[in-house]
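Novice: I have a structure I would like to understand better, so I am pasting it below and will then ask my questions one at a time.
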Amino acid sequence: MTNTLLIIILLGLMAIAYQLGVRRSQKVVGGPSGVRALHSLPSYYGFFTALWTGLPALLVLLLWVSLQSGVIRDLVVSDLPEAVRSLPDAQLGLVINDIQNLAQGNIVSGEVSPAMEQASAHYKSLQQTSYAASFVVVLSLAIMGLTFGWRRIAPKYRARNRVEAAIKWMLVGCSTIAIFTTLGIVLSVLFESIRFFQIIPISDFLFGLDWSPQMAIRADQVGSSGAFGVIPLFVGTLLIALIAMLVAVPIGLMSAIYLSEYAGSRFRAYAKPLLEILAGIPTVVYGFFAALTVAPFIRNNGELLGLDVSSESALAAGLVMGIMIIPFISSLSDDVINAVPQTMRDASLGIGATRSETVKNVILPAALPGIVGGILLAVSRAIGETMIVVMAAGLSANLTANPLQSVTTVTVQIVTLLVGDQEFDSPKTLAAFALGLLLFIVTLILNVVALHVVRKYREAYE
Amino acid sequence: MSKQEQIRTMDRVNATLKQRYGRERRFRRFGFFAVLLGLTFVGLMFLSIISKGYSAFQQTRILMDIEFTESIIDPAGEREYAVLSSANYAGLIKQSLRALYPEVKGRKEKRELYAIVSNGAPLVLREKVLADPALIGTRTQLWLPADDDIDMLIKGHIDRTVPESERRIKDNVVAWIEKLEADQKIEKFFNLTFLTGGDSREPELAGIGGAVMGSLYTLIITLLLSFPMGVAAAVYLEEFAPRNRWTDLVEVNINNLAAVPSIVFGLLGLAVFINFFGLPRSAPLVGGMVLTLMTLPTIIIASRAALKAVPPSIREAALGVGASKMQAVFHHVLPLSMPGMLTGTIIGMAQALGETAPLLMIGMVAFIVDIPGGAMDPATVLPVQIFLWADSPERAFMEKTSAAIMVLLGFLIVMNVLAVILRKRFERRW
């Protein structure tokens with residue numbers, strides 16, 4: 001809360017700085033009538049002063065906030081008794097958590113020892129010192145910036161160029177967020193994965209046929225050896241994705257063809273947005289639909305036919321995922337079909353082909369690369385889809401191609417491994433990051449190939 | 001070319017014509033059928049969810065004679081807050097139930113009888129007494145919430161005709177309820193608790209209020225972060241960036257991020273925001289930051305399209321009268337492309353509102369009863385609440401889940417309609 005207050009004060013200071021800058025710029029040229037003698041408009045001098053006031057102070061505040069908790073933690077730990085300091089990381093974390101809770105007046109997990117009381121008092125005082133110091137440092141920096149900016153104002157001073165340069169750097173900074181995000185994803189999953197591969201050999205992970213991530217917590221525990229073979233997960237993922245594609249590709253492609261080649265403009269105007277509703281429905285809703293409506297329906301009908309259907313069958317999850325992907329396929333195909341030049345249609349119709357012959361022999365071959373690209377993107381979507389499979393597919397890693405049985409997927413395992421209690425050095429938790437890395441690489445390859453194909457194709461007709 | 005040959009070609013065409021027209025009709029019908037099937041799926045989903053969920057907006061309540069007996073609530077007669085707030089209000093309800101059914105004897109049966117009223121009913125009495133201590137010693141009639149099983153029975157989700165052993169509610173309880181029905185002491189009311197309350201283990205007390213507030217805080221954070229950053233990135237890439245390898249890299253990155261599975265963003269949030277920066281788990285702040293990274297590509301792509309749609313003549317005119325490049329963009333191009341950018345942002349926000357998987361990774365799945373009061377409080381969001389309830393075994397939670405989905409879809413429809421209106425009203429064709 002103190003930081004919020006500080007930010008509000010800073011914003012207030014910036015507003016004042018703006019006014020001061022404007023006033024001074026007018027004053028140095030002898031009142032508002034002399035503005036023509038200024039290099040820039042008065043408001044630029046205002047912005048210039050405000051930027052000098054706010055930017056350095058905000059940057060320092062940001063740095064302070066991000067470093068504060070770590071530094072305080074280290075200081076508190078260094079004051080703890082030797083016996084506590086030499087605890088393993090996880091237990092030390094618990095102790096520190098308790099100290100923090102004690103300092104905030106929350107409930108503590110264990111008994112409160114005098115040493116902990118002392119540590120929490122220390123923690124509290126450090127925190128207060130830190131807040132006070134940040135207040136003083138940030139505000140004095142802001143006022144220093146203000147005076148600095150204010151004193152630079154002169155008729156010949158190029159305030160507009162300075163302000164514009166600063167804005168441009170901010171724009172550049174925002175545009176690099178995408179790169180930092182990718183980098184962050186790669187680094188965060190890579191580091192944990194490397195730790196995982198130090199415990200479990202990478203060949204066991206990639207080619208193992210067994211997946212049972214339970215690790216023995218105690219040495220004498222029964223039945224939890226821990227096997228991390230990813231093949232059954234991948235087969236399950238691909239099986240569900242395949243079922244989804246079998247549903248989505250024919251329906252999506254045929255709807256796109258019908259809507260762009262046959263349908264009247266009124267029908268198209270209503271049917272297209274209605275179909276696109278499917279794309280806007282959250283995946284958790286599909287998951288609920290799959291688990292409570294489709295799966296029981298399939299199981300009951302399977303029983304009537306004398307089939308043994310699991311209540312978490314791959315078929316239910318795949319079917320619903322297919323429904324989810326229909327609008328994705330249909331809108332992408334619609335784009336590429338519309339990109340085929342009208343002259344090609346006219347030529348085909350002109351030599352006597354029917355509409356369906358035109359579609360089959362001219363439009364589809366011409367649009368094929370784009371459609372394939374769209375399908376690849378849809379496959380990448382199906383592989384990465386989480387909620388439907390978490391809710392409707394099973395947890396047991398069966399290595400099977402039978403759509404009536406229960407299979408599990410990569411995303412389901414990531415969720416089950418990371419939701420709930422976890423410790424950050426067990427291979428069980430680290431396995432989730434290894435799976436994440438695998439998922440990222442596979443979808444990345446699919447996306448790069450698909451985007452390349454789609455773009456190349458689009459350029460061919462433009 | 002002789003005349004004979006031409007006739008022969010015509011004959012060949014005519015011979016296959018019927019077949020070809022047949023194929024044409026079949027192809028056309030097939031396409032129509034595909035569209036119809038897609039629309040059927042839309043209809044089916046809405047139908048199945050609405051038919052399951054509409055009844056959750058009603059709640060069964062029982063009319064009870066409550067005597068606020070002083071000896072039970074406040075034997076000392078001091079009317080102190082601590083005494084009043086921890087008094088045995090459940091005892092009042094039990095007393096009233098015993099008076100209603102004097103024939104019920106035996107511990108087991110009595111326990112069954114007490115269970116027809118919700119666990120939350122004593123809290124209702126407590127609030128009434130705390131608000132007005134003068135009630136003590138008086139007698140009033142109150143509509144108190146019934147237990148979720150009774151609620152299901154009244155709404156007809158439990159079939160009274162099946163054998164007793166296959167039913168959650170036994171015959172003796174059904175008889176009590178039927179007596180209440182005959183006396184018109186059991187009715188369905190509009191369920192305000194569902195819209196305003198926090199989560200609960202008891203279906204009849206559970207509400208989406210906490211989840212809606214959590215979603216609101218998360219979305220505010222997402223909007224505050226992603227809109228300025230997205231627009232700034234789009235402006236730079238579209239208006240200022242030189243065409244070189246660096247900007248190509250940025251572009252490829254943005255397009256790829258738009259297709260990265262959402263759960264991977266959750267892993268990023270867990271590893272970077274929570275483990276590295278030490279931000280609190282389950283906080284809307286972290287959720288908003290993760291969703292920002294997810295929606296940024298959507299906003300950037302939409303904003304770039306909006307900027308592209310502004311004709312170059314606008315920029316040239318501004319530059320021609322002496323504006324700097326920055327002034328041309330910020331004074332002329334940006335305002336003209338704002339409707340398109342806002343539309344893209346609303347669509348991005350709608351996506352963020354429906355997102356579940358990454359939020360599971362950063363701990364927004366906790367069971368949280370309190371309604372969050374800020375962006376740092378532990379919270380859950382609407383889709384995660386749906387996921388949690390969908391896992392609950394009680395029949396009553398299925399109804400709640402469907403109703404929560406209806407609320408979520410309602411928000412999404414409003415946002416999308418807003419985007420369409422914005423586009424229709426402010427979009428300019430050049």
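Letters for chains follow the order of the structure tokens (A, B, ...), residue numbers begin at 1 for each chain, and ligand numbers begin at 1 in the order shown.
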Report as a tab-separated table: every residue of chain A with an atom at most 6 Å from chain B, its closest pair of atoms, and their distance in Å to one decimal, counting only C-alpha atoms, with rows sorted by chain and ascending residue number.
Specialist:
residue	atom	partner	partner_atom	distance
A:Leu171	CA	B:Ala232	CA	5.1
A:Cys174	CA	B:Ala233	CA	5.0
A:Ser175	CA	B:Ala233	CA	4.1
A:Ala178	CA	B:Ile254	CA	5.7
A:Ile185	CA	B:Leu268	CA	5.2
A:Ser188	CA	B:Ala271	CA	5.7
A:Ile251	CA	B:Ala34	CA	5.0
A:Met254	CA	B:Gly31	CA	4.9
A:Ser255	CA	B:Val35	CA	4.8
A:Tyr258	CA	B:Gly31	CA	4.9
A:Pro282	CA	B:Gly354	CA	4.7
A:Ser356	CA	B:Glu24	CA	5.4
A:Gly384	CA	B:Pro261	CA	4.7
Novice: Emit the selected residues as a JSON list (two decimals), in the first residue's frame, including N, CA and C atoms.
Specialist:
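For reference, part10.json as written:
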[["chain", "number", "residue", "atom", "x", "y", "z"],
["A", 171, "LEU", "N", 8.34, 3.24, -26.78],
["A", 171, "LEU", "CA", 7.67, 2.40, -27.78],
["A", 171, "LEU", "C", 8.54, 1.19, -28.11],
["A", 174, "CYS", "N", 8.30, -1.34, -25.40],
["A", 174, "CYS", "CA", 7.07, -2.14, -25.40],
["A", 174, "CYS", "C", 7.11, -3.19, -26.49],
["A", 175, "SER", "N", 7.73, -2.85, -27.64],
["A", 175, "SER", "CA", 7.71, -3.82, -28.73],
["A", 175, "SER", "C", 8.64, -5.00, -28.46],
["A", 178, "ALA", "N", 7.48, -8.89, -26.52],
["A", 178, "ALA", "CA", 7.22, -10.20, -27.14],
["A", 178, "ALA", "C", 8.47, -11.06, -27.07],
["A", 185, "ILE", "N", 9.79, -17.70, -21.43],
["A", 185, "ILE", "CA", 9.22, -19.05, -21.52],
["A", 185, "ILE", "C", 10.34, -20.06, -21.69],
["A", 188, "SER", "N", 12.58, -20.26, -18.50],
["A", 188, "SER", "CA", 11.98, -20.83, -17.30],
["A", 188, "SER", "C", 11.76, -22.32, -17.44],
["A", 251, "ILE", "N", -16.08, -30.89, -41.24],
["A", 251, "ILE", "CA", -17.16, -29.94, -40.98],
["A", 251, "ILE", "C", -16.71, -28.51, -41.23],
["A", 254, "MET", "N", -16.02, -27.98, -45.12],
["A", 254, "MET", "CA", -17.25, -27.96, -45.91],
["A", 254, "MET", "C", -18.08, -26.72, -45.60],
["A", 255, "SER", "N", -18.12, -26.30, -44.31],
["A", 255, "SER", "CA", -18.89, -25.08, -44.02],
["A", 255, "SER", "C", -18.26, -23.89, -44.70],
["A", 258, "TYR", "N", -19.17, -24.06, -48.34],
["A", 258, "TYR", "CA", -20.59, -23.74, -48.57],
["A", 258, "TYR", "C", -20.82, -22.25, -48.38],
["A", 282, "PRO", "N", -15.45, -20.20, -23.73],
["A", 282, "PRO", "CA", -14.25, -20.61, -22.98],
["A", 282, "PRO", "C", -14.10, -22.13, -22.96],
["A", 356, "SER", "N", -19.43, -27.44, -58.10],
["A", 356, "SER", "CA", -18.68, -28.37, -57.26],
["A", 356, "SER", "C", -17.41, -28.82, -57.97],
["A", 384, "GLY", "N", -2.09, -28.40, -27.59],
["A", 384, "GLY", "CA", -1.88, -27.55, -26.42],
["A", 384, "GLY", "C", -3.13, -27.32, -25.59]]
Novice: Please list as JSON, numbers by chain every residue within 7 Å of Ala241 (chain A), counting only C-alpha atoms and excluding residues in the same chain fewer than 5 positions away.
Specialist: {"A": [318, 379, 382, 383]}
Novice: Next, the residues of the selection above should be written as a tab-separated table (two decimals), in the first residue's frame with N, CA, C and O atoms.
Specialist:
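Dumped everything to selection.tsv:
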chain	number	residue	atom	x	y	z
A	318	GLY	N	-12.07	-35.90	-27.54
A	318	GLY	CA	-11.70	-35.57	-28.91
A	318	GLY	C	-12.85	-34.95	-29.68
A	318	GLY	O	-12.67	-33.97	-30.41
A	379	VAL	N	-3.91	-28.32	-35.39
A	379	VAL	CA	-3.33	-29.46	-34.67
A	379	VAL	C	-2.53	-28.94	-33.48
A	379	VAL	O	-2.63	-29.47	-32.36
A	382	ALA	N	-4.89	-28.17	-30.82
A	382	ALA	CA	-5.45	-29.35	-30.18
A	382	ALA	C	-4.45	-29.97	-29.21
A	382	ALA	O	-4.81	-30.44	-28.13
A	383	ILE	N	-3.17	-29.95	-29.59
A	383	ILE	CA	-2.15	-30.55	-28.72
A	383	ILE	C	-1.99	-29.72	-27.44
A	383	ILE	O	-1.81	-30.26	-26.36
Novice: Produce a table with one row for each residue of region 223-296 of chain A that has an atom at most 10 Å from any atom of region 197-201 of chain A, each row naming the nearest atom pair and its distance in Å at one decimal; use only C-alpha atoms; arrange rows by chain and rising residue number; format as a tab-separated table.
Specialist:
residue	atom	partner	partner_atom	distance
A:Gly226	CA	A:Ile200	CA	9.9
A:Ala227	CA	A:Ile200	CA	9.0
A:Phe228	CA	A:Ile200	CA	7.7
A:Gly229	CA	A:Ile200	CA	9.9
Novice: So that I have them on file, write out the residues from the current selection with C-alpha atoms, as an mmCIF file, in the first residue's frame.
Specialist:
data_model
loop_
_atom_site.group_PDB
_atom_site.id
_atom_site.type_symbol
_atom_site.label_atom_id
_atom_site.label_comp_id
_atom_site.auth_asym_id
_atom_site.auth_seq_id
_atom_site.Cartn_x
_atom_site.Cartn_y
_atom_site.Cartn_z
ATOM 1 C CA GLY A 226 8.632 -43.204 -10.615
ATOM 2 C CA ALA A 227 8.741 -43.804 -14.340
ATOM 3 C CA PHE A 228 8.955 -40.848 -16.668
ATOM 4 C CA GLY A 229 8.445 -42.197 -20.178
#
Novice: List every residue of region 179-426 of chain A that DSSP, applied to the backbone of this structure, assigns to helix (DSSP H, G or I), and report them as a PyMOL selection string.
Specialist: chain A and resi 179-199+202-207+231-262+265-280+283-304+314-339+342-350+355-384+387-392+410-418
Novice: If we count only C-alpha atoms, what is near region 371-382 of chain B at a cut-off of 6 Å, once residues fewer than 2 positions away on the same chain are taken out, given as a list in words?
Specialist: Gly198, Gly210, Ala211, Val212, Gly214, Ser215, Tyr217, Ser282, Ala283, Pro284, Leu285, Met364, Val384 and Gln385 of chain B
Novice: Would you mind exporting N, CA and C atoms of the selected residues as a PDB file, in the first residue's frame?
Specialist:
ATOM      1  N   GLY B 198     -19.672 -15.794  -1.543  1.00  0.00           N
ATOM      2  CA  GLY B 198     -18.401 -16.409  -1.881  1.00  0.00           C
ATOM      3  C   GLY B 198     -18.582 -17.901  -2.076  1.00  0.00           C
ATOM      4  N   GLY B 210     -17.458 -13.967  -5.124  1.00  0.00           N
ATOM      5  CA  GLY B 210     -16.009 -13.903  -4.957  1.00  0.00           C
ATOM      6  C   GLY B 210     -15.289 -14.086  -6.271  1.00  0.00           C
ATOM      7  N   ALA B 211     -15.756 -15.057  -7.064  1.00  0.00           N
ATOM      8  CA  ALA B 211     -15.097 -15.326  -8.340  1.00  0.00           C
ATOM      9  C   ALA B 211     -15.260 -14.160  -9.304  1.00  0.00           C
ATOM     10  N   VAL B 212     -16.438 -13.541  -9.282  1.00  0.00           N
ATOM     11  CA  VAL B 212     -16.654 -12.402 -10.183  1.00  0.00           C
ATOM     12  C   VAL B 212     -15.725 -11.251  -9.800  1.00  0.00           C
ATOM     13  N   GLY B 214     -12.858 -11.541  -8.262  1.00  0.00           N
ATOM     14  CA  GLY B 214     -11.513 -11.967  -8.655  1.00  0.00           C
ATOM     15  C   GLY B 214     -11.279 -11.743 -10.139  1.00  0.00           C
ATOM     16  N   SER B 215     -12.260 -12.120 -10.946  1.00  0.00           N
ATOM     17  CA  SER B 215     -12.157 -11.914 -12.390  1.00  0.00           C
ATOM     18  C   SER B 215     -12.027 -10.432 -12.705  1.00  0.00           C
ATOM     19  N   TYR B 217     -10.813  -7.946 -10.792  1.00  0.00           N
ATOM     20  CA  TYR B 217      -9.482  -7.422 -10.477  1.00  0.00           C
ATOM     21  C   TYR B 217      -8.460  -7.909 -11.505  1.00  0.00           C
ATOM     22  N   SER B 282      -1.876 -17.143  -6.039  1.00  0.00           N
ATOM     23  CA  SER B 282      -3.333 -16.936  -6.053  1.00  0.00           C
ATOM     24  C   SER B 282      -3.752 -15.476  -6.162  1.00  0.00           C
ATOM     25  N   ALA B 283      -2.824 -14.552  -6.392  1.00  0.00           N
ATOM     26  CA  ALA B 283      -3.208 -13.139  -6.406  1.00  0.00           C
ATOM     27  C   ALA B 283      -3.633 -12.715  -7.806  1.00  0.00           C
ATOM     28  N   PRO B 284      -4.707 -11.914  -7.895  1.00  0.00           N
ATOM     29  CA  PRO B 284      -5.125 -11.405  -9.197  1.00  0.00           C
ATOM     30  C   PRO B 284      -4.013 -10.639  -9.911  1.00  0.00           C
ATOM     31  N   LEU B 285      -3.090 -10.041  -9.131  1.00  0.00           N
ATOM     32  CA  LEU B 285      -1.986  -9.309  -9.758  1.00  0.00           C
ATOM     33  C   LEU B 285      -1.187 -10.222 -10.675  1.00  0.00           C
ATOM     34  N   MET B 364      -4.414 -20.095  -8.643  1.00  0.00           N
ATOM     35  CA  MET B 364      -5.718 -19.473  -8.459  1.00  0.00           C
ATOM     36  C   MET B 364      -6.824 -20.514  -8.336  1.00  0.00           C
ATOM     37  N   VAL B 384     -12.250 -20.595 -13.353  1.00  0.00           N
ATOM     38  CA  VAL B 384     -11.649 -21.556 -12.434  1.00  0.00           C
ATOM     39  C   VAL B 384     -12.697 -22.050 -11.437  1.00  0.00           C
ATOM     40  N   GLN B 385     -13.576 -21.130 -11.015  1.00  0.00           N
ATOM     41  CA  GLN B 385     -14.673 -21.528 -10.137  1.00  0.00           C
ATOM     42  C   GLN B 385     -15.541 -22.588 -10.814  1.00  0.00           C
TER      43      GLN B 385
END
